[in-house]
Every structure is written in C-alpha cells, then in structure tokens.
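*Asks:* Got structure.csv for you, CSV, C-alpha atoms and all ligand atoms:
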```csv
chain,number,residue,atom,x,y,z
A,299,MET,CA,29.8,0.0,-9.7
A,300,ASP,CA,28.1,-2.8,-7.6
A,301,SER,CA,26.1,-5.3,-9.6
A,302,PRO,CA,22.5,-5.3,-8.5
A,303,THR,CA,21.3,-8.0,-6.2
A,304,VAL,CA,18.8,-10.5,-7.5
A,305,ARG,CA,16.1,-8.8,-5.5
A,306,GLU,CA,16.9,-5.4,-7.1
A,307,GLN,CA,16.9,-6.7,-10.7
A,308,GLY,CA,14.2,-4.8,-12.5
A,309,ARG,CA,14.2,-1.9,-10.2
A,310,PRO,CA,16.5,1.0,-11.1
A,311,ARG,CA,19.2,1.7,-8.4
A,312,GLY,CA,18.6,4.6,-6.1
A,313,PRO,CA,15.4,6.4,-5.2
A,314,ILE,CA,12.4,5.9,-7.5
A,315,THR,CA,10.8,9.2,-8.5
A,316,VAL,CA,7.5,10.2,-9.9
A,317,PRO,CA,8.8,10.9,-13.4
A,318,MET,CA,10.4,7.4,-13.5
A,319,ILE,CA,6.9,5.9,-12.8
A,320,ALA,CA,4.9,8.3,-15.0
A,321,THR,CA,6.6,7.1,-18.2
A,322,ARG,CA,6.5,3.3,-17.5
A,323,LYS,CA,4.3,1.7,-20.2
A,324,ARG,CA,4.5,-2.0,-21.0
A,325,ARG,CA,3.7,-1.2,-24.7
A,326,ALA,CA,7.0,0.8,-24.8
A,327,GLY,CA,8.8,-2.4,-23.6
A,328,ASP,CA,9.1,-1.2,-20.0
A,329,LEU,CA,8.9,-3.6,-17.0
A,330,PRO,CA,5.6,-3.6,-15.1
A,331,VAL,CA,5.3,-1.3,-12.1
A,332,VAL,CA,5.3,-3.2,-8.8
A,333,MET,CA,3.4,-1.6,-6.0
A,334,VAL,CA,2.7,-3.0,-2.5
A,335,THR,CA,0.9,-1.4,0.4
A,336,ALA,CA,2.9,-0.6,3.6
A,337,TYR,CA,1.6,0.8,6.8
A,338,ASP,CA,4.6,1.0,9.1
A,339,GLU,CA,8.4,0.8,9.3
A,340,PRO,CA,8.7,-3.0,9.2
A,341,SER,CA,6.3,-3.5,6.3
A,342,ALA,CA,8.0,-0.7,4.4
A,343,ARG,CA,11.5,-2.2,5.1
A,344,ILE,CA,10.4,-5.7,4.0
A,345,ALA,CA,8.6,-4.6,0.8
A,346,ASP,CA,11.4,-2.2,-0.1
A,347,GLY,CA,13.9,-5.0,0.5
A,348,GLY,CA,11.8,-7.1,-1.9
A,349,GLY,CA,12.5,-4.6,-4.7
A,350,VAL,CA,9.0,-3.0,-5.2
A,351,ASP,CA,8.9,0.3,-7.1
A,352,VAL,CA,6.1,1.9,-5.1
A,353,LEU,CA,5.0,1.7,-1.5
A,354,LEU,CA,1.4,2.7,-1.1
A,355,VAL,CA,0.4,3.8,2.4
A,356,GLY,CA,-3.2,2.8,1.7
A,357,ASP,CA,-6.2,3.8,3.6
A,358,SER,CA,-6.6,0.0,3.7
A,359,VAL,CA,-4.6,0.5,6.9
A,360,ALA,CA,-8.2,0.6,8.3
A,361,ASN,CA,-8.9,-3.1,7.6
A,362,ASN,CA,-5.4,-4.5,7.8
A,363,VAL,CA,-4.0,-2.7,10.8
A,364,LEU,CA,-6.6,-0.8,12.7
A,365,GLY,CA,-9.3,-3.4,12.8
A,366,TYR,CA,-12.0,-1.4,11.1
A,367,GLU,CA,-14.5,-2.9,8.7
A,368,ASP,CA,-14.0,-0.3,6.0
A,369,THR,CA,-11.8,2.6,5.1
A,370,LEU,CA,-14.3,5.3,6.0
A,371,ARG,CA,-13.0,5.5,9.6
A,372,VAL,CA,-9.5,6.5,8.6
A,373,THR,CA,-8.5,10.2,9.2
A,374,VAL,CA,-5.8,12.4,7.8
A,375,ASP,CA,-4.1,12.2,11.3
A,376,ASP,CA,-4.1,8.4,11.0
A,377,MET,CA,-2.5,8.6,7.6
A,378,VAL,CA,0.1,11.2,8.7
A,379,ARG,CA,1.2,8.8,11.5
A,380,HIS,CA,1.5,5.8,9.1
A,381,VAL,CA,3.2,7.8,6.3
A,382,GLY,CA,5.7,8.9,8.8
A,383,ALA,CA,6.4,5.4,10.0
A,384,VAL,CA,6.8,4.2,6.4
A,385,SER,CA,9.1,7.0,5.4
A,386,ARG,CA,11.4,6.3,8.4
A,387,ALA,CA,12.3,3.0,6.7
A,388,LYS,CA,14.1,5.3,4.2
A,389,PRO,CA,12.9,3.2,1.2
A,390,SER,CA,14.2,3.5,-2.3
A,391,ALA,CA,10.7,2.9,-3.5
A,392,LEU,CA,8.4,5.8,-4.2
A,393,VAL,CA,6.1,6.5,-1.2
A,394,VAL,CA,2.5,7.3,-2.2
A,395,ALA,CA,-0.1,8.1,0.4
A,396,ASP,CA,-3.9,7.7,0.2
A,397,LEU,CA,-6.0,10.8,0.9
A,398,PRO,CA,-8.7,9.3,3.1
A,399,TRP,CA,-12.4,9.8,2.7
A,400,MET,CA,-13.6,13.3,3.4
A,401,SER,CA,-10.1,14.8,3.1
A,402,TYR,CA,-10.7,15.9,-0.5
A,403,HIS,CA,-14.5,16.1,-0.8
A,404,LEU,CA,-15.4,19.3,1.1
A,405,SER,CA,-13.3,21.9,-0.8
A,406,VAL,CA,-10.4,22.1,-3.1
A,407,ASP,CA,-8.4,24.2,-0.6
A,408,ALA,CA,-8.9,21.6,2.1
A,409,ALA,CA,-7.8,18.9,-0.3
A,410,VAL,CA,-4.6,20.7,-1.2
A,411,ALA,CA,-3.8,21.3,2.5
A,412,ASN,CA,-4.4,17.7,3.4
A,413,ALA,CA,-2.2,16.5,0.5
A,414,ALA,CA,0.5,18.8,1.8
A,415,ARG,CA,0.2,17.3,5.3
A,416,LEU,CA,0.9,13.8,3.8
A,417,VAL,CA,3.9,15.2,1.8
A,418,ARG,CA,5.3,16.8,5.0
A,419,ALA,CA,4.9,13.4,6.7
A,420,GLY,CA,7.1,11.8,4.0
A,421,ALA,CA,4.9,11.0,0.9
A,422,ALA,CA,6.2,11.8,-2.5
A,423,ALA,CA,2.7,11.7,-4.0
A,424,VAL,CA,-0.9,11.2,-3.0
A,425,LYS,CA,-3.7,9.0,-4.3
A,426,LEU,CA,-7.4,9.8,-4.4
A,427,GLU,CA,-10.5,7.9,-5.6
A,428,GLY,CA,-13.0,8.9,-8.2
A,429,GLY,CA,-13.4,9.9,-11.8
A,430,ALA,CA,-14.3,13.0,-13.7
A,431,GLU,CA,-15.9,14.6,-10.6
A,432,ARG,CA,-12.4,14.8,-9.1
A,433,VAL,CA,-10.8,16.7,-12.0
A,434,ALA,CA,-10.8,20.1,-10.2
A,435,VAL,CA,-9.3,18.7,-7.0
A,436,VAL,CA,-6.6,16.8,-9.0
A,437,GLU,CA,-5.7,20.0,-10.9
A,438,ALA,CA,-5.4,22.0,-7.7
A,439,ILE,CA,-3.2,19.5,-6.0
A,440,VAL,CA,-1.0,19.1,-9.1
A,441,ARG,CA,-0.8,23.0,-9.3
A,442,ALA,CA,0.6,22.8,-5.7
A,443,GLN,CA,3.4,20.6,-7.1
A,444,ILE,CA,2.1,17.5,-5.5
A,445,PRO,CA,1.9,14.5,-7.8
A,446,VAL,CA,-1.4,12.6,-7.8
A,447,MET,CA,-2.2,9.0,-8.6
A,448,GLY,CA,-5.9,8.3,-9.5
A,449,HIS,CA,-8.0,5.4,-8.5
A,450,LEU,CA,-11.0,4.1,-10.6
A,451,GLY,CA,-13.3,1.1,-10.7
A,452,LEU,CA,-14.0,-0.4,-7.4
A,453,THR,CA,-13.2,2.5,-5.1
A,454,PRO,CA,-13.5,1.3,-1.5
A,455,GLN,CA,-14.4,4.8,-0.1
A,456,SER,CA,-17.6,4.4,-2.2
A,457,VAL,CA,-18.6,1.2,-0.4
A,458,LEU,CA,-21.9,2.7,0.8
A,459,THR,CA,-23.0,3.9,-2.7
A,460,MET,CA,-21.7,0.7,-4.4
A,461,GLY,CA,-23.7,-1.4,-1.9
A,462,GLY,CA,-20.6,-3.5,-1.1
A,463,TYR,CA,-17.3,-4.4,-2.7
A,464,ARG,CA,-18.4,-5.4,-6.1
A,465,VAL,CA,-16.6,-5.7,-9.5
A,466,GLN,CA,-17.4,-2.5,-11.4
A,467,ALA,CA,-17.7,-1.6,-15.1
A,468,ARG,CA,-19.4,-4.9,-16.0
A,469,ASP,CA,-21.5,-3.5,-18.9
A,470,VAL,CA,-20.5,-1.4,-21.9
A,471,ASP,CA,-21.9,1.9,-20.6
A,472,ALA,CA,-20.2,1.6,-17.2
A,473,ALA,CA,-16.9,0.5,-18.9
A,474,GLU,CA,-17.0,3.5,-21.3
A,475,GLU,CA,-17.5,5.7,-18.3
A,476,VAL,CA,-14.4,4.3,-16.7
A,477,VAL,CA,-12.4,4.9,-19.9
A,478,SER,CA,-13.6,8.5,-20.1
A,479,SER,CA,-12.9,9.1,-16.4
A,480,ALA,CA,-9.4,7.7,-16.9
A,481,ARG,CA,-8.8,10.1,-19.8
A,482,ALA,CA,-10.1,13.0,-17.7
A,483,LEU,CA,-7.8,12.2,-14.8
A,484,GLU,CA,-4.8,11.9,-17.0
A,485,GLN,CA,-5.7,15.2,-18.6
A,486,ALA,CA,-6.0,16.7,-15.1
A,487,GLY,CA,-2.4,15.7,-14.4
A,488,CYS,CA,-2.5,12.3,-12.7
A,489,PHE,CA,0.9,10.6,-13.2
A,490,SER,CA,-0.6,7.1,-12.9
A,491,LEU,CA,-3.9,5.4,-12.1
A,492,VAL,CA,-4.9,2.5,-10.0
A,493,LEU,CA,-7.6,0.3,-11.6
A,494,GLU,CA,-9.4,-1.9,-9.1
A,495,GLY,CA,-12.0,-4.6,-9.5
A,496,VAL,CA,-12.9,-4.3,-13.2
A,497,PRO,CA,-13.0,-6.9,-16.0
A,498,ASP,CA,-9.7,-7.7,-17.6
A,499,VAL,CA,-10.9,-6.2,-21.0
A,500,VAL,CA,-11.6,-2.9,-19.3
A,501,GLY,CA,-8.2,-3.0,-17.7
A,502,ALA,CA,-6.7,-3.5,-21.1
A,503,ARG,CA,-8.8,-0.8,-22.8
A,504,VAL,CA,-8.0,1.9,-20.2
A,505,THR,CA,-4.3,0.9,-20.3
A,506,ASP,CA,-4.4,1.4,-24.1
A,507,ALA,CA,-6.1,4.7,-23.8
A,508,LEU,CA,-3.6,6.3,-21.5
A,509,GLY,CA,-0.1,7.6,-21.8
A,510,VAL,CA,0.5,7.2,-18.0
A,511,PRO,CA,0.7,3.8,-16.4
A,512,THR,CA,-2.3,1.9,-15.0
A,513,ILE,CA,-1.6,-0.2,-11.9
A,514,GLY,CA,-4.2,-3.0,-11.5
A,515,ILE,CA,-5.6,-4.8,-8.6
A,516,GLY,CA,-8.3,-7.3,-9.8
A,517,ALA,CA,-8.1,-5.6,-13.2
A,518,GLY,CA,-6.4,-8.4,-15.2
A,519,PRO,CA,-3.0,-8.9,-16.6
A,520,HIS,CA,-2.9,-6.1,-19.2
A,521,CYS,CA,-2.3,-3.2,-16.9
A,522,ASP,CA,1.1,-1.5,-16.8
A,523,GLY,CA,1.7,-2.6,-13.2
A,524,GLN,CA,0.1,-4.6,-10.4
A,525,VAL,CA,-0.5,-3.8,-6.7
A,526,LEU,CA,-1.4,-6.1,-3.8
A,527,VAL,CA,-2.0,-5.4,-0.2
A,528,PHE,CA,1.0,-6.5,1.9
A,529,HIS,CA,-1.1,-8.5,4.4
A,530,ASP,CA,-2.9,-10.3,1.5
A,531,LEU,CA,0.2,-11.3,-0.4
A,532,LEU,CA,1.9,-12.5,2.8
A,533,GLY,CA,-1.1,-14.3,4.3
A,534,LEU,CA,-1.1,-12.1,7.4
A,535,GLY,CA,-4.9,-11.3,7.5
A,536,ALA,CA,-7.7,-13.1,9.2
A,537,ALA,CA,-10.3,-12.7,6.5
A,538,PRO,CA,-10.4,-14.9,3.3
A,539,VAL,CA,-8.6,-13.1,0.5
A,540,PRO,CA,-10.4,-11.9,-2.7
A,541,LYS,CA,-10.2,-14.0,-5.9
A,542,PHE,CA,-7.6,-11.6,-7.5
A,543,VAL,CA,-5.0,-12.1,-4.7
A,544,ARG,CA,-2.1,-14.6,-5.1
A,545,GLN,CA,-0.7,-15.5,-1.6
A,546,TYR,CA,3.0,-15.9,-1.6
A,547,ALA,CA,3.3,-17.0,2.0
A,548,ARG,CA,1.1,-17.8,5.0
A,549,LEU,CA,2.9,-15.8,7.7
A,550,ALA,CA,0.0,-15.6,10.1
A,551,GLU,CA,0.0,-19.4,10.5
A,552,LEU,CA,3.8,-19.4,11.0
A,553,ALA,CA,3.6,-16.5,13.5
A,554,THR,CA,0.8,-18.3,15.5
A,555,GLU,CA,3.0,-21.4,15.6
A,556,ALA,CA,6.0,-19.4,16.8
A,557,VAL,CA,3.9,-17.8,19.6
A,558,GLU,CA,2.5,-21.3,20.6
A,559,THR,CA,6.0,-22.6,20.9
A,560,PHE,CA,7.1,-19.6,23.1
A,561,ALA,CA,4.1,-20.2,25.3
A,562,ALA,CA,4.9,-23.9,25.6
A,563,ASP,CA,8.6,-23.1,26.5
A,564,VAL,CA,7.6,-20.6,29.2
A,565,ARG,CA,5.1,-23.0,30.7
A,566,ALA,CA,7.6,-25.9,30.6
A,567,GLY,CA,10.3,-23.7,32.3
A,568,THR,CA,12.7,-24.1,29.3
A,569,PHE,CA,12.7,-20.4,28.5
A,570,PRO,CA,14.8,-18.4,29.1
A,571,GLY,CA,17.9,-20.7,29.1
A,572,GLU,CA,21.4,-19.9,30.3
A,573,SER,CA,22.4,-18.2,27.0
A,574,GLU,CA,19.2,-16.0,27.2
A,575,SER,CA,20.0,-14.7,30.7
A,576,TYR,CA,22.3,-12.1,32.2
A,577,HIS,CA,24.6,-13.5,34.9
A,578,GLY,CA,26.3,-10.4,36.5
A,579,SER,CA,29.6,-10.4,38.4
A,580,GLU,CA,31.1,-13.4,40.2
A,581,GLU,CA,30.4,-11.6,43.5
A,582,LEU,CA,26.8,-11.0,42.6
A,583,GLN,CA,26.4,-14.6,41.7
A,584,ARG,CA,28.0,-15.7,45.0
A,585,VAL,CA,25.8,-13.4,47.2
A,586,PHE,CA,22.6,-13.8,45.2
A,587,GLY,CA,23.1,-17.3,43.8
A,588,GLY,CA,20.8,-20.0,44.9
A,589,ALA,CA,17.9,-17.6,45.4
A,590,ALA,CA,15.9,-19.1,42.5
A,591,VAL,CA,12.4,-20.5,43.1
B,601,LIG,O1,-5.7,1.3,0.2
B,601,LIG,C1,-5.3,0.5,-0.6
B,601,LIG,O2,-4.9,-0.6,-0.2
B,601,LIG,C2,-5.5,0.7,-2.0
B,601,LIG,C3,-5.2,-0.4,-2.9
B,601,LIG,C4,-6.2,-1.4,-3.0
B,601,LIG,C5,-4.8,0.1,-4.3
B,601,LIG,O3,-6.0,1.7,-2.4
```
Turn this file's structure into structure tokens for me.
*Replies:*
Amino acid sequence: MDSPTVREQGRPRGPITVPMIATRKRRAGDLPVVMVTAYDEPSARIADGGGVDVLLVGDSVANNVLGYEDTLRVTVDDMVRHVGAVSRAKPSALVVADLPWMSYHLSVDAAVANAARLVRAGAAAVKLEGGAERVAVVEAIVRAQIPVMGHLGLTPQSVLTMGGYRVQARDVDAAEEVVSSARALEQAGCFSLVLEGVPDVVGARVTDALGVPTIGIGAGPHCDGQVLVFHDLLGLGAAPVPKFVRQYARLAELATEAVETFAADVRAGTFPGESESYHGSEELQRVFGGAAV
C-alpha cells in the first residue's frame, strides 16, 4: 500500500463519508475535523489537495464569488451550479452544501425537495442555519436519507434580525439557548454542527454537550473541528478579514502583480515570445514571413 503523502497525513485515505465525520470527537482522541469552503472546480481541487476533510459549498459564495453584500441573494439554482462545479473536482473530501435562505423556511416538503436538488448536484450532505425552530425540517430531511449539518451562533442568513454580523451568545441566557438548540439539533439527527461567532467558552460548552462534532468558525479552539472560508485563508478577498481568520497566504496581491507583469510585457512587445508562438510549415513561413507589423 502507498504511504500517505505529507499533505494527506491526518486524513484517512479514500473518500470521506458522513459516518466518518459524525463520530469525530477530540475528547475521544480523534483529530480535529478540517473544513474549508469551496465554490468551484479549482477551489475544490486546491482544498482537497491540501487534505481537508470537508468541502463546504457555502452560501458565502454570495460574498466571495458573486459580489453580493450578504447571503440572502443566493438561490437554490445558484447553489446547484456551484455544487456541481465542486463535485466535478472529484474530491476525496466530503461535499456539504448550504441550503440557502428561503429554501427551507416555507415548508418541510420544499426543504426536502431543495435538499434533494443539492444531493443530485453532487452534495453528500446539506447544512442549514437555526436552532430549535429547525427541528421539524431537520427531521424530515434526515428521514429522506439526506445527512444534515446544523449551524448555530452567528447565522449570516439572520443578518437582518441580528442587525449586522455580531458575536452571539455573549450573556448566560443566550449561551444557554445555544446549548439547548445544539442538543435539539443533535436529537433531530444532525451529524455535526457549525458554531459561528460565539465566545470560546460557549464553543467549549456546546462541544462538551454533544456526541456529534462541532466545527467552529470564530468559536474558539475547543471545537471538534475548524472551518475557514477559502478566500479568507488564502487572502483572495478585497474586504478586511474578521478577527478569527488566520491568513495563510496573500494570493490576491500575488495575482495582481502577475497581471501587472503580463500587461507590462504586452505593452513592451515582449509577449508573446518565440517559444509562445506557433510557427507553421516552412512554406507558410516563406510565403507569409515578413508580414509582421
Ligand atoms: O457559507 C459559509 O461560508 C459558511 C461558513 C461560514 C461556515 O456557512
């Protein structure tokens, strides 16, 4: 058997499945779950090559790819297109797709049908935002044999009611509510839970309370896994990144420099060179040669 490459160390060989994630708890000595967003074939290929466990086709495609200010503009059709692109990278990582705003709020039947569209596009599981009020929807989707990841704390689809993107569960009552919602979602059948924008002690308490893994983003170091947005961790975005992001590269700056150099080469007449041009047959060169400006 091949030995795993350095990049694959920590990730089991072969495709990652929902049951493999659902049992990953750090308190049992398991490695933390690594999740990164991906929105298209290149980002999926790069993140999968980096050895992540889970690719989240997030509705943050809105801000990071489609140029919207919030995730409320994203539709199921948008998600289907991006899930398809990610799945065409044939990743070993588990592909989880966000159910966008209004795709699971109107009726349980519509939620199941929309979840099925994302599965048919290539997702192995769906994610939805909200707490105890989502129990019926989670149960119905799980009954349809579609695994569900929950999402609590700062839930970007609630930006209007939250009055902006603010850290949640800052007082004891609100924190208790997050813990009880987390329990309700686990009971309803969620195989894991994203915890976003909550104090580290709340991240720790929820993680302790659950048998399924928590995956944190701005939720402190005690969660069973961590997720970052692809564009944030690689420095591809235009906006300043939130406090909880660690940037591992500044690719936007590198990319701009590369395009500047291309533009300068074209303007100086040094691109394309001989090796970057097709030359054709000797006869063609004889008859057409010397026609350059
Ligand atoms: O859409 C997204 O990027 C997300 C992550 C922040 C977890 O839901």
*Asks:* With 8 Å as the cut-off and all atoms listed in the file counted, what is the closest atom pair between each nearby residue of chain A and ligand LIG 601 (chain B)? Distances in Å to one decimal, ordered by chain and number, as JSON lines.
*Replies:*
```
{"residue": "A:Thr335", "atom": "CA", "partner": "B:LIG601", "partner_atom": "O2", "distance": 5.9}
{"residue": "A:Leu354", "atom": "CA", "partner": "B:LIG601", "partner_atom": "C1", "distance": 7.1}
{"residue": "A:Val355", "atom": "CA", "partner": "B:LIG601", "partner_atom": "O1", "distance": 6.9}
{"residue": "A:Gly356", "atom": "CA", "partner": "B:LIG601", "partner_atom": "O1", "distance": 3.3}
{"residue": "A:Asp357", "atom": "CA", "partner": "B:LIG601", "partner_atom": "O1", "distance": 4.2}
{"residue": "A:Ser358", "atom": "CA", "partner": "B:LIG601", "partner_atom": "O1", "distance": 3.8}
{"residue": "A:Val359", "atom": "CA", "partner": "B:LIG601", "partner_atom": "O1", "distance": 6.8}
{"residue": "A:Thr369", "atom": "CA", "partner": "B:LIG601", "partner_atom": "O1", "distance": 7.9}
{"residue": "A:Asp396", "atom": "CA", "partner": "B:LIG601", "partner_atom": "O1", "distance": 6.6}
{"residue": "A:Lys425", "atom": "CA", "partner": "B:LIG601", "partner_atom": "O3", "distance": 7.9}
{"residue": "A:His449", "atom": "CA", "partner": "B:LIG601", "partner_atom": "O3", "distance": 7.4}
{"residue": "A:Thr453", "atom": "CA", "partner": "B:LIG601", "partner_atom": "O3", "distance": 7.7}
{"residue": "A:Pro454", "atom": "CA", "partner": "B:LIG601", "partner_atom": "O3", "distance": 7.6}
{"residue": "A:Val492", "atom": "CA", "partner": "B:LIG601", "partner_atom": "C5", "distance": 6.2}
{"residue": "A:Leu493", "atom": "CA", "partner": "B:LIG601", "partner_atom": "C5", "distance": 7.8}
{"residue": "A:Glu494", "atom": "CA", "partner": "B:LIG601", "partner_atom": "C4", "distance": 6.9}
{"residue": "A:Gly514", "atom": "CA", "partner": "B:LIG601", "partner_atom": "C5", "distance": 7.9}
{"residue": "A:Ile515", "atom": "CA", "partner": "B:LIG601", "partner_atom": "C5", "distance": 6.6}
{"residue": "A:Val525", "atom": "CA", "partner": "B:LIG601", "partner_atom": "C5", "distance": 6.3}
{"residue": "A:Leu526", "atom": "CA", "partner": "B:LIG601", "partner_atom": "C4", "distance": 6.8}
{"residue": "A:Val527", "atom": "CA", "partner": "B:LIG601", "partner_atom": "O2", "distance": 5.6}
```
*Asks:* Suppose we keep C-alpha atoms; can you now write the selection as a compact mmCIF listing (two decimals), keeping the file's coordinate frame?
*Replies:*
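Here's the written file again14.txt:
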```txt
# COMPACT_ATOMS: atom_id res chain seq x y z
CA THR A 335 0.90 -1.40 0.40
CA LEU A 354 1.40 2.70 -1.10
CA VAL A 355 0.40 3.80 2.40
CA GLY A 356 -3.20 2.80 1.70
CA ASP A 357 -6.20 3.80 3.60
CA SER A 358 -6.60 0.00 3.70
CA VAL A 359 -4.60 0.50 6.90
CA THR A 369 -11.80 2.60 5.10
CA ASP A 396 -3.90 7.70 0.20
CA LYS A 425 -3.70 9.00 -4.30
CA HIS A 449 -8.00 5.40 -8.50
CA THR A 453 -13.20 2.50 -5.10
CA PRO A 454 -13.50 1.30 -1.50
CA VAL A 492 -4.90 2.50 -10.00
CA LEU A 493 -7.60 0.30 -11.60
CA GLU A 494 -9.40 -1.90 -9.10
CA GLY A 514 -4.20 -3.00 -11.50
CA ILE A 515 -5.60 -4.80 -8.60
CA VAL A 525 -0.50 -3.80 -6.70
CA LEU A 526 -1.40 -6.10 -3.80
CA VAL A 527 -2.00 -5.40 -0.20
```
*Asks:* Applying 12 Å and all atoms listed in the file, which residues near Ala553 (chain A) remain after dropping the ones on its own chain fewer than 6 positions away? List them as number ranges by chain.
*Replies:* A: 532-535, 547, 559-560
*Asks:* Calculate how many Å separate CA of Ala422 (chain A) from CA of Val406 (chain A), rounding to one decimal.
*Replies:*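 So the two atoms, CA of Ala422 (chain A) and CA of Val406 (chain A), lie 19.5 Å apart.
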*Asks:* Could you tell me how far CA of Val352 (chain A) sits from CA of Ile314 (chain A), in Å to one decimal place?
*Replies:* 7.8 Å
*Asks:* Go ahead and compute the interatomic distance for CA of Thr459 (chain A) and CA of Val496 (chain A), in Å to one decimal.
*Replies:*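 About the pair CA of Thr459 (chain A) and CA of Val496 (chain A): they are 16.7 Å apart.
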*Asks:* At most 8 Å from (-13.5, 8.7, 4.7), file frame, all atoms listed in the file: which residues, as a ChimeraX atom specification?
*Replies:* /A:369-373,398-401,455
*Asks:* Choose the residue, out of A:Phe528, A:Glu475, A:Arg464, A:Tyr366, that has the smallest atom-to-atom separation from Gly348 (chain A); count all atoms listed in the file.
*Replies:*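 Smallest distance to Gly348 (chain A) is found for A:Phe528.
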*Asks:* Please return, as a PyMOL selection string, all polymer residues that have at least one atom within 6 Å of the point (9.3, 0.4, 7.3); use all atoms listed in the file and the file's own coordinate frame.
*Replies:* chain A and resi 338-343+384+387
*Asks:* Find the residue from A:Arg432, A:Arg503, A:Arg322, A:Arg379 that sits nearest to Leu404 (chain A); use all atoms listed in the file when measuring.
*Replies:* A:Arg432
*Asks:* When distances are computed from all atoms listed in the file, which of A:Gln466, A:Gln524, A:Ser385, A:Asn412 shows the smallest separation from Gly451 (chain A)?
*Replies:*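 Ranking A:Gln466, A:Gln524, A:Ser385, A:Asn412 by distance to Gly451 (chain A), first place goes to A:Gln466.
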